[in-house]
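Colleague: For reference, the file query_21.csv (CSV, C-alpha atoms) is included below:
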```csv
chain,number,residue,atom,x,y,z
Y,171,MET,CA,-26.8,7.0,-24.5
Y,172,THR,CA,-25.1,6.3,-21.2
Y,173,LYS,CA,-23.7,9.5,-19.6
Y,174,PRO,CA,-20.8,9.3,-17.2
Y,175,ILE,CA,-20.9,10.7,-13.6
Y,176,VAL,CA,-19.3,14.1,-13.4
Y,177,PRO,CA,-18.6,16.2,-10.3
Y,178,LYS,CA,-21.2,18.8,-9.5
Y,179,ARG,CA,-18.6,21.6,-9.7
Y,180,ARG,CA,-16.2,21.7,-12.5
Y,181,PRO,CA,-13.9,24.2,-14.1
Y,182,LYS,CA,-13.9,25.2,-17.7
Y,183,PHE,CA,-12.6,22.1,-19.4
Y,184,PRO,CA,-14.2,19.1,-21.1
Y,185,ARG,CA,-16.4,16.6,-19.4
Y,186,PRO,CA,-15.1,13.1,-18.7
Y,187,ARG,CA,-14.8,10.9,-21.8
Y,188,ARG,CA,-18.1,9.5,-23.0
Y,189,SER,CA,-18.5,5.8,-23.6
Y,190,ASP,CA,-18.7,6.5,-27.3
Y,191,GLY,CA,-16.5,9.5,-27.7
Y,192,GLY,CA,-12.8,10.6,-27.8
Y,193,ALA,CA,-10.6,11.8,-25.0
Y,194,GLN,CA,-10.6,15.4,-26.1
Y,195,ASP,CA,-13.2,18.1,-26.9
Y,196,ALA,CA,-13.5,20.0,-30.1
Y,197,ARG,CA,-10.6,22.3,-29.2
Y,198,GLY,CA,-8.3,19.4,-28.5
Y,199,ARG,CA,-8.2,20.0,-24.8
Y,200,GLU,CA,-7.5,17.1,-22.5
Y,201,PHE,CA,-9.9,16.3,-19.7
Y,202,LEU,CA,-8.8,16.9,-16.1
Y,203,PRO,CA,-11.0,16.3,-13.0
Y,204,ALA,CA,-12.8,19.2,-11.4
Y,205,ARG,CA,-11.2,21.1,-8.6
Y,206,ILE,CA,-12.4,19.6,-5.3
Y,207,ASP,CA,-14.2,22.1,-3.2
Y,208,THR,CA,-13.7,21.0,0.4
Y,209,SER,CA,-14.6,24.3,2.0
Y,210,PRO,CA,-17.1,23.8,4.9
Y,211,PRO,CA,-20.8,24.5,4.3
Y,212,LEU,CA,-22.2,27.7,5.8
Y,213,PRO,CA,-23.1,27.5,9.5
Y,214,PRO,CA,-26.7,26.5,10.1
Y,215,ALA,CA,-29.3,29.2,10.8
Y,216,GLY,CA,-30.6,27.6,14.0
Y,217,VAL,CA,-29.4,25.6,17.0
Y,218,VAL,CA,-30.9,22.3,18.2
Y,219,GLU,CA,-30.9,22.3,22.0
Y,220,GLY,CA,-28.6,19.6,23.4
Y,221,PHE,CA,-27.1,18.7,20.0
Y,222,LYS,CA,-23.4,19.5,19.2
Y,223,SER,CA,-21.7,19.9,15.9
Y,224,GLY,CA,-18.4,21.3,14.8
Y,225,TYR,CA,-15.1,21.0,12.9
Y,226,VAL,CA,-12.0,19.2,14.2
Y,227,ALA,CA,-8.6,19.6,12.5
Y,228,LEU,CA,-6.1,16.7,12.4
Y,229,ILE,CA,-2.6,18.0,12.1
Y,230,GLY,CA,0.9,16.6,12.6
Y,231,SER,CA,4.1,15.7,10.9
Y,232,PRO,CA,4.1,13.3,7.9
Y,233,ASN,CA,3.6,9.6,8.7
Y,234,VAL,CA,2.3,10.0,12.3
Y,235,GLY,CA,-1.0,8.2,11.4
Y,236,LYS,CA,-3.5,11.0,10.9
Y,237,SER,CA,-5.3,9.3,8.0
Y,238,SER,CA,-5.3,5.9,9.8
Y,239,LEU,CA,-6.8,7.6,12.8
Y,240,LEU,CA,-9.6,9.2,10.7
Y,241,ASN,CA,-10.4,5.9,9.1
Y,242,GLN,CA,-10.5,4.2,12.5
Y,243,ILE,CA,-12.8,6.9,14.0
Y,244,LEU,CA,-15.2,6.7,11.0
Y,245,ARG,CA,-15.0,2.9,10.8
Y,246,GLU,CA,-14.7,3.5,7.0
Y,247,LYS,CA,-11.9,4.2,4.6
Y,248,VAL,CA,-12.2,7.8,3.4
Y,249,SER,CA,-8.5,8.7,3.4
Y,250,ILE,CA,-5.8,6.6,1.7
Y,251,VAL,CA,-2.9,5.3,3.8
Y,252,SER,CA,0.7,4.4,2.9
Y,253,ALA,CA,4.2,4.4,4.3
Y,254,ALA,CA,5.2,7.1,1.9
Y,255,PRO,CA,5.5,10.6,3.5
Y,256,GLN,CA,2.9,13.2,2.4
Y,257,THR,CA,0.4,10.7,1.1
Y,258,THR,CA,-2.5,13.1,1.9
Y,259,ARG,CA,-2.3,16.0,-0.5
Y,260,THR,CA,-5.4,17.9,0.2
Y,261,LYS,CA,-8.0,18.4,2.9
Y,262,ILE,CA,-10.2,15.3,3.4
Y,263,ILE,CA,-13.4,15.7,5.3
Y,264,GLY,CA,-14.8,12.8,7.3
Y,265,ILE,CA,-18.0,12.9,9.3
Y,266,ARG,CA,-18.7,10.9,12.5
Y,267,HIS,CA,-22.3,10.8,13.5
Y,268,LEU,CA,-23.2,10.3,17.2
Y,269,PRO,CA,-26.7,10.2,18.8
Y,270,ALA,CA,-26.4,13.8,20.1
Y,271,ALA,CA,-23.4,15.1,18.0
Y,272,GLN,CA,-21.9,15.4,14.6
Y,273,ILE,CA,-18.1,15.7,14.4
Y,274,ILE,CA,-16.6,16.9,11.1
Y,275,PHE,CA,-12.9,15.9,10.9
Y,276,LEU,CA,-10.5,17.8,8.6
Y,277,ASP,CA,-7.6,15.4,7.7
Y,278,THR,CA,-4.8,17.5,6.4
Y,279,PRO,CA,-1.4,17.0,4.7
Y,280,GLY,CA,1.5,16.4,7.0
Y,281,LEU,CA,3.1,19.7,8.0
Y,282,HIS,CA,6.6,19.9,6.6
Y,283,ARG,CA,9.0,22.5,5.4
Y,284,PRO,CA,7.5,23.5,2.0
Y,285,LEU,CA,10.7,23.4,-0.1
Y,286,GLY,CA,10.8,23.1,-3.9
Y,287,HIS,CA,7.5,22.2,-5.6
Y,288,ARG,CA,4.4,24.3,-5.7
Y,289,LEU,CA,2.5,21.1,-4.7
Y,290,ASN,CA,4.3,21.0,-1.4
Y,291,GLN,CA,3.6,24.7,-0.8
Y,292,ARG,CA,-0.1,24.1,-1.4
Y,293,MET,CA,-0.1,21.1,0.9
Y,294,VAL,CA,1.4,23.1,3.8
Y,295,GLN,CA,-1.0,26.0,3.2
Y,296,THR,CA,-4.0,23.6,3.2
Y,297,ALA,CA,-2.9,22.3,6.6
Y,298,LYS,CA,-2.5,25.7,8.1
Y,299,SER,CA,-5.9,27.0,6.7
Y,300,ALA,CA,-7.6,24.0,8.4
Y,301,LEU,CA,-6.5,25.4,11.8
Y,302,GLN,CA,-8.6,28.5,11.1
Y,303,GLU,CA,-11.7,26.6,10.2
Y,304,ALA,CA,-11.7,24.2,13.1
Y,305,ASP,CA,-13.4,24.5,16.5
Y,306,LEU,CA,-10.8,22.1,18.0
Y,307,VAL,CA,-7.4,20.9,16.9
Y,308,LEU,CA,-6.0,17.4,17.4
Y,309,PHE,CA,-2.2,17.4,17.2
Y,310,VAL,CA,-1.1,13.8,16.4
Y,311,VAL,CA,2.4,12.7,17.3
Y,312,ASP,CA,4.2,9.4,17.0
Y,313,ALA,CA,4.8,8.0,20.5
Y,314,THR,CA,7.7,5.9,19.2
Y,315,ARG,CA,9.7,9.0,18.4
Y,316,LYS,CA,11.5,11.3,20.9
Y,317,PRO,CA,9.8,14.6,21.6
Y,318,PRO,CA,11.4,17.8,20.4
Y,319,LEU,CA,13.6,19.7,22.8
Y,320,PRO,CA,13.1,23.4,23.3
Y,321,GLY,CA,14.9,25.3,20.6
Y,322,ALA,CA,15.8,22.1,18.7
Y,323,GLU,CA,15.0,21.7,15.0
Y,324,ARG,CA,13.7,18.4,13.8
Y,325,ARG,CA,13.5,17.1,10.3
Y,326,ASP,CA,9.9,16.2,10.7
Y,327,GLY,CA,9.0,19.8,11.5
Y,328,GLU,CA,7.3,19.0,14.8
Y,329,GLU,CA,8.9,22.0,16.7
Y,330,ALA,CA,7.6,24.3,13.9
Y,331,ILE,CA,4.0,22.9,14.4
Y,332,ILE,CA,4.2,23.5,18.1
Y,333,ASP,CA,5.2,27.1,17.4
Y,334,LEU,CA,2.3,27.4,15.0
Y,335,LEU,CA,-0.1,26.2,17.6
Y,336,SER,CA,0.8,29.0,19.9
Y,337,SER,CA,-0.6,31.5,17.4
Y,338,ILE,CA,-4.1,30.0,17.2
Y,339,ARG,CA,-6.9,30.5,19.7
Y,340,ARG,CA,-8.3,27.0,19.6
Y,341,PRO,CA,-8.2,24.3,22.2
Y,342,VAL,CA,-5.6,21.7,21.2
Y,343,PHE,CA,-5.5,18.0,22.2
Y,344,LEU,CA,-2.2,16.1,22.1
Y,345,LEU,CA,-2.7,12.6,20.8
Y,346,LEU,CA,0.2,10.2,21.3
Y,347,ASN,CA,-0.4,7.6,18.6
Y,348,LYS,CA,1.1,4.2,18.1
Y,349,ILE,CA,1.0,3.3,21.8
Y,350,ASP,CA,0.6,-0.4,20.7
Y,351,LEU,CA,4.3,-0.2,19.7
Y,352,ILE,CA,5.9,1.1,22.9
Y,353,ASN,CA,6.4,0.3,26.5
Y,354,LYS,CA,3.7,2.1,28.5
Y,355,GLY,CA,6.3,3.3,30.9
Y,356,ARG,CA,7.4,5.8,28.2
Y,357,LEU,CA,4.1,7.6,28.2
Y,358,LEU,CA,4.5,9.8,31.3
Y,359,PRO,CA,8.0,11.2,30.3
Y,360,LEU,CA,6.6,11.9,26.8
Y,361,ILE,CA,3.6,13.7,28.1
Y,362,GLU,CA,5.8,15.8,30.5
Y,363,ALA,CA,8.1,16.7,27.6
Y,364,TYR,CA,5.2,18.0,25.5
Y,365,ARG,CA,3.6,19.7,28.5
Y,366,GLN,CA,6.6,21.9,28.7
Y,367,ARG,CA,6.2,23.0,25.1
Y,368,HIS,CA,2.5,24.0,24.9
Y,369,PRO,CA,-0.5,24.3,27.2
Y,370,PHE,CA,-2.4,21.4,25.6
Y,371,ALA,CA,-6.1,21.1,26.7
Y,372,LEU,CA,-5.8,17.3,26.9
Y,373,PHE,CA,-3.1,14.5,26.6
Y,374,LEU,CA,-4.5,11.2,25.3
Y,375,PRO,CA,-2.6,8.1,24.3
Y,376,ILE,CA,-4.2,6.3,21.4
Y,377,SER,CA,-3.7,3.6,18.8
Y,378,ALA,CA,-5.1,4.3,15.3
Y,379,LYS,CA,-4.4,0.6,14.5
Y,380,SER,CA,-6.2,-1.1,17.4
Y,381,GLY,CA,-8.7,1.6,18.3
Y,382,ASP,CA,-7.4,2.1,21.8
Y,383,GLY,CA,-8.4,5.5,23.2
Y,384,ILE,CA,-10.9,6.3,20.5
Y,385,ALA,CA,-14.0,6.2,22.7
Y,386,PRO,CA,-12.6,8.7,25.3
Y,387,LEU,CA,-11.3,10.8,22.5
Y,388,LEU,CA,-14.8,11.2,21.0
Y,389,GLU,CA,-16.3,11.9,24.4
Y,390,ALA,CA,-13.8,14.7,25.0
Y,391,ILE,CA,-14.3,16.2,21.5
Y,392,VAL,CA,-18.1,16.4,22.0
Y,393,GLN,CA,-17.6,18.2,25.3
Y,394,ARG,CA,-15.7,20.9,23.4
Y,395,LEU,CA,-18.0,21.4,20.4
Y,396,PRO,CA,-20.6,24.2,20.2
Y,397,ASP,CA,-24.3,23.6,20.3
Y,398,SER,CA,-25.5,23.5,16.7
Y,399,VAL,CA,-27.7,21.6,14.2
Y,400,PRO,CA,-26.0,18.9,12.0
Y,401,TYR,CA,-24.1,20.2,9.0
Y,402,TYR,CA,-24.4,17.0,7.0
Y,403,PRO,CA,-27.1,14.3,6.6
Y,404,ARG,CA,-26.5,11.1,8.7
Y,405,THR,CA,-26.0,9.0,5.5
Y,406,GLN,CA,-22.9,11.0,4.5
Y,407,SER,CA,-19.5,10.1,5.8
Y,408,SER,CA,-17.4,12.3,3.5
Y,409,ASP,CA,-17.7,15.2,1.1
Y,410,GLN,CA,-15.3,13.8,-1.5
Y,411,PRO,CA,-16.8,13.2,-4.9
Y,412,VAL,CA,-16.6,9.6,-6.2
Y,413,LEU,CA,-14.2,10.4,-9.0
Y,414,PHE,CA,-11.7,11.9,-6.5
Y,415,ARG,CA,-12.0,8.9,-4.2
Y,416,ALA,CA,-11.6,6.5,-7.1
Y,417,ALA,CA,-8.4,8.3,-8.2
Y,418,GLU,CA,-7.0,8.3,-4.6
Y,419,LEU,CA,-7.6,4.5,-4.3
Y,420,ILE,CA,-5.6,3.9,-7.4
Y,421,ARG,CA,-2.9,6.2,-6.3
Y,422,GLU,CA,-2.7,4.4,-3.0
Y,423,LYS,CA,-1.8,1.2,-4.8
Y,424,VAL,CA,0.9,3.0,-6.7
Y,425,LEU,CA,2.4,4.2,-3.5
Y,426,HIS,CA,2.4,0.7,-2.0
Y,427,HIS,CA,4.5,-0.6,-4.9
Y,428,THR,CA,7.0,2.2,-5.7
Y,429,ARG,CA,9.9,3.7,-3.8
Y,430,GLN,CA,12.2,6.8,-3.8
Y,431,GLU,CA,11.0,9.6,-6.0
Y,432,VAL,CA,8.2,7.8,-7.8
Y,433,PRO,CA,5.5,8.1,-5.1
Y,434,HIS,CA,5.9,11.9,-4.9
Y,435,ALA,CA,5.8,12.3,-8.7
Y,436,VAL,CA,2.6,10.4,-9.3
Y,437,ALA,CA,-0.9,11.9,-9.9
Y,438,VAL,CA,-4.0,10.0,-11.0
Y,439,VAL,CA,-6.8,11.4,-13.1
Y,440,VAL,CA,-10.1,9.6,-13.8
Y,441,GLU,CA,-11.0,10.3,-17.3
Y,442,GLU,CA,-14.0,8.0,-17.7
Y,443,PHE,CA,-16.6,6.9,-15.1
Y,444,THR,CA,-19.6,5.3,-16.8
Y,445,GLU,CA,-22.3,3.5,-14.9
Y,446,PRO,CA,-24.5,0.9,-16.6
Y,447,THR,CA,-27.9,1.8,-18.0
Y,448,ALA,CA,-31.1,1.0,-16.3
Y,449,GLY,CA,-31.7,-1.8,-18.6
Y,450,ARG,CA,-28.4,-3.5,-17.6
Y,451,PRO,CA,-28.3,-3.2,-13.8
Y,452,ASN,CA,-25.8,-6.1,-13.5
Y,453,ALA,CA,-23.2,-4.6,-15.9
Y,454,ALA,CA,-19.9,-3.2,-14.7
Y,455,THR,CA,-19.0,0.4,-14.1
Y,456,ARG,CA,-16.3,1.4,-16.5
Y,457,ILE,CA,-13.4,3.4,-15.0
Y,458,ARG,CA,-10.6,4.7,-17.2
Y,459,ALA,CA,-7.8,6.4,-15.3
Y,460,ARG,CA,-4.5,8.0,-16.3
Y,461,VAL,CA,-1.5,7.7,-14.1
Y,462,ILE,CA,0.7,10.8,-14.5
Y,463,VAL,CA,4.5,10.9,-13.8
Y,464,GLU,CA,7.2,13.5,-14.6
Y,465,ARG,CA,9.8,11.4,-16.4
Y,466,GLU,CA,10.0,8.5,-18.8
Y,467,SER,CA,12.1,6.5,-16.3
Y,468,GLN,CA,9.2,6.7,-13.8
Y,469,LYS,CA,6.8,5.6,-16.5
Y,470,ALA,CA,8.9,2.5,-17.2
Y,471,ILE,CA,8.9,1.6,-13.5
Y,472,LEU,CA,5.1,1.9,-13.2
Y,473,ILE,CA,4.4,-0.1,-16.3
Y,474,GLY,CA,6.9,-2.8,-15.3
Y,475,LYS,CA,8.3,-5.6,-17.4
Y,476,GLY,CA,5.5,-6.8,-19.8
Y,477,GLY,CA,3.1,-4.5,-18.0
Y,478,ARG,CA,3.2,-6.5,-14.8
Y,479,MET,CA,3.4,-3.6,-12.3
Y,480,LEU,CA,0.5,-1.7,-13.8
Y,481,LYS,CA,-1.6,-4.9,-13.9
Y,482,MET,CA,-0.8,-5.6,-10.3
Y,483,ILE,CA,-1.8,-2.0,-9.3
Y,484,GLY,CA,-5.1,-2.4,-11.2
Y,485,THR,CA,-5.8,-5.9,-9.6
Y,486,GLU,CA,-5.3,-4.5,-6.1
Y,487,ALA,CA,-7.4,-1.4,-6.7
Y,488,ARG,CA,-10.4,-3.1,-8.3
Y,489,PRO,CA,-11.9,-4.7,-5.2
Y,490,GLU,CA,-11.9,-1.3,-3.3
Y,491,LEU,CA,-13.3,0.5,-6.3
Y,492,GLU,CA,-16.1,-2.1,-6.4
Y,493,ALA,CA,-16.8,-1.6,-2.7
Y,494,LEU,CA,-16.9,2.2,-3.4
Y,495,VAL,CA,-19.4,2.0,-6.3
Y,496,GLY,CA,-21.4,-1.0,-5.1
Y,497,ARG,CA,-21.0,-3.1,-8.3
Y,498,SER,CA,-18.4,-4.8,-10.4
Y,499,VAL,CA,-15.8,-2.5,-12.1
Y,500,PHE,CA,-14.0,-2.7,-15.4
Y,501,LEU,CA,-10.8,-0.8,-14.8
Y,502,SER,CA,-8.5,0.5,-17.5
Y,503,LEU,CA,-5.1,2.2,-16.5
Y,504,TRP,CA,-2.4,3.8,-18.6
Y,505,VAL,CA,0.6,5.9,-17.8
Y,506,THR,CA,1.6,9.2,-19.4
Y,507,VAL,CA,4.4,11.7,-18.8
Y,508,ARG,CA,3.8,15.4,-17.9
Y,509,GLU,CA,7.0,17.0,-17.0
Y,510,GLU,CA,7.1,19.2,-13.8
Y,511,TRP,CA,3.4,18.8,-13.2
Y,512,ARG,CA,4.0,19.6,-9.5
Y,513,GLN,CA,5.1,23.1,-10.5
Y,514,ASP,CA,2.1,23.7,-12.8
Y,515,GLU,CA,-0.3,25.9,-11.0
Y,516,GLN,CA,-3.2,25.3,-13.4
Y,517,PHE,CA,-2.8,21.6,-13.4
Y,518,LEU,CA,-2.7,21.6,-9.5
Y,519,THR,CA,-5.9,23.6,-9.4
Y,520,GLU,CA,-7.7,21.5,-11.9
Y,521,ALA,CA,-6.5,18.2,-10.3
Y,522,GLY,CA,-7.9,19.3,-6.9
Y,523,TYR,CA,-4.7,20.1,-5.1
```
Rewrite the structure from the file as structure tokens, please.

Modeller:
Amino acid sequence: MTKPIVPKRRPKFPRPRRSDGGAQDARGREFLPARIDTSPPLPPAGVVEGFKSGYVALIGSPNVGKSSLLNQILREKVSIVSAAPQTTRTKIIGIRHLPAAQIIFLDTPGLHRPLGHRLNQRMVQTAKSALQEADLVLFVVDATRKPPLPGAERRDGEEAIIDLLSSIRRPVFLLLNKIDLINKGRLLPLIEAYRQRHPFALFLPISAKSGDGIAPLLEAIVQRLPDSVPYYPRTQSSDQPVLFRAAELIREKVLHHTRQEVPHAVAVVVEEFTEPTAGRPNAATRIRARVIVERESQKAILIGKGGRMLKMIGTEARPELEALVGRSVFLSLWVTVREEWRQDEQFLTEAGY
């Protein structure tokens, strides 16, 4: 009997649905994905002379391009990207391997005022905790926006982030992203404005879209890392389980096609992930995922007239899922309502948030 892939760590709830079984266990409990443990591994016991390895936190306001930057650095998509604020909900680890260094990037949710939902509060706490884990901090700002004035309060929370940086004892690089969208004559005034707000160790204009500035950024990061052995094997680019990455790819397509309150109220749970048996190597991987919203009106939007919206989401997600698993994918999606799930501490924990 074919058994589905399940995360190595899982809380006390049922395994993913088997290819021949129901969606619930004997007690009638619904399956939810295991909590994603993204805590760094323990430091290595020894140090390799001349080799550097360490953790680098990416922080910033929502929608400044942190996840796009991580994908550009790794030359691989490990973090989903959308125009919707607060797309990243938990810490995403991405690993860049260099000949004499290993850089472990911590992509974090955009720092914002944690009003309302428990989910938002967890996201802000996740971003703040990453600052304590990191050897170096990259503060990413949008170069198309005006810098904060001393004492001024901005809706994107950038001034609060600068105040937070003053409380940590880590070197901080200021990365001015999206320079491909501005006149280069604006850079010096921008740098000077930020220089007055915090003693940044380095100011570097970059473009996450084009890759401009990435090479000097990596060189500057390596110079600041401690001597150490690699934490991860060279074949590994992220620590995210395949079930989590599959759910995120589906959620990304939902974000691309919905507006207003819907993107914030959506969660995706992979309930079946069954790979073909050894005797059928060319068969498809079966992925069954549940898209969760908080209201019936949101469910109707996601399904669309005659199921067109949900079909479009699945059609766009399938090629990226196939690239993820390395074979064809049979994808099944359906939408359910779970009221106020963003306030449900148990659900947030079990869903990996």

Colleague: Identify, on the basis of only C-alpha atoms, every residue whose closest approach to Glu219 in chain Y does not exceed 9 Å; exclude the query and any residue fewer than 6 positions from it along the same chain; express the result as a PyMOL selection string.

Modeller: chain Y and resi 397-399

Colleague: What residues have an atom no more than 6 Å from (-10.3, 2.4, 14.3) in the file's own frame, counting all atoms listed in the file, and can you write them as a list of chain:residue names?

Modeller: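 The answer, in the requested form, is Y:Gln242, Y:Ile243, Y:Arg245, Y:Ala378, Y:Gly381.
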
Colleague: Between Y:Ser223, Y:Asn241, Y:Gln272, Y:Ser252, which has the minimum distance to Leu395 in chain Y (counting only C-alpha atoms)?

Modeller: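 Of Y:Ser223, Y:Asn241, Y:Gln272, Y:Ser252, the one nearest Leu395 in chain Y, counting only C-alpha atoms, is Y:Ser223.
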
Colleague: Do you know which residues are at most 9 Å from Thr455 in chain Y counting all atoms listed in the file, after dropping those on the same chain fewer than 6 positions away, and could you put them as a PyMOL selection string?

Modeller: chain Y and resi 443-446+492+495+497-501

Colleague: Which residue is closest to His434 in chain Y? Choose from Y:Val463, Y:Leu388, Y:Leu308, Y:Val251 and count all atoms listed in the file.

Modeller: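 Smallest distance to His434 in chain Y is found for Y:Val463.
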
Colleague: Could you check the closest approach to Leu344 in chain Y for each of Y:Pro369, Y:Gly280, Y:Pro411, Y:Gly264 and tell me which residue wins, using only C-alpha atoms?

Modeller: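 Among the listed residues, Y:Pro369 lies closest to Leu344 in chain Y.
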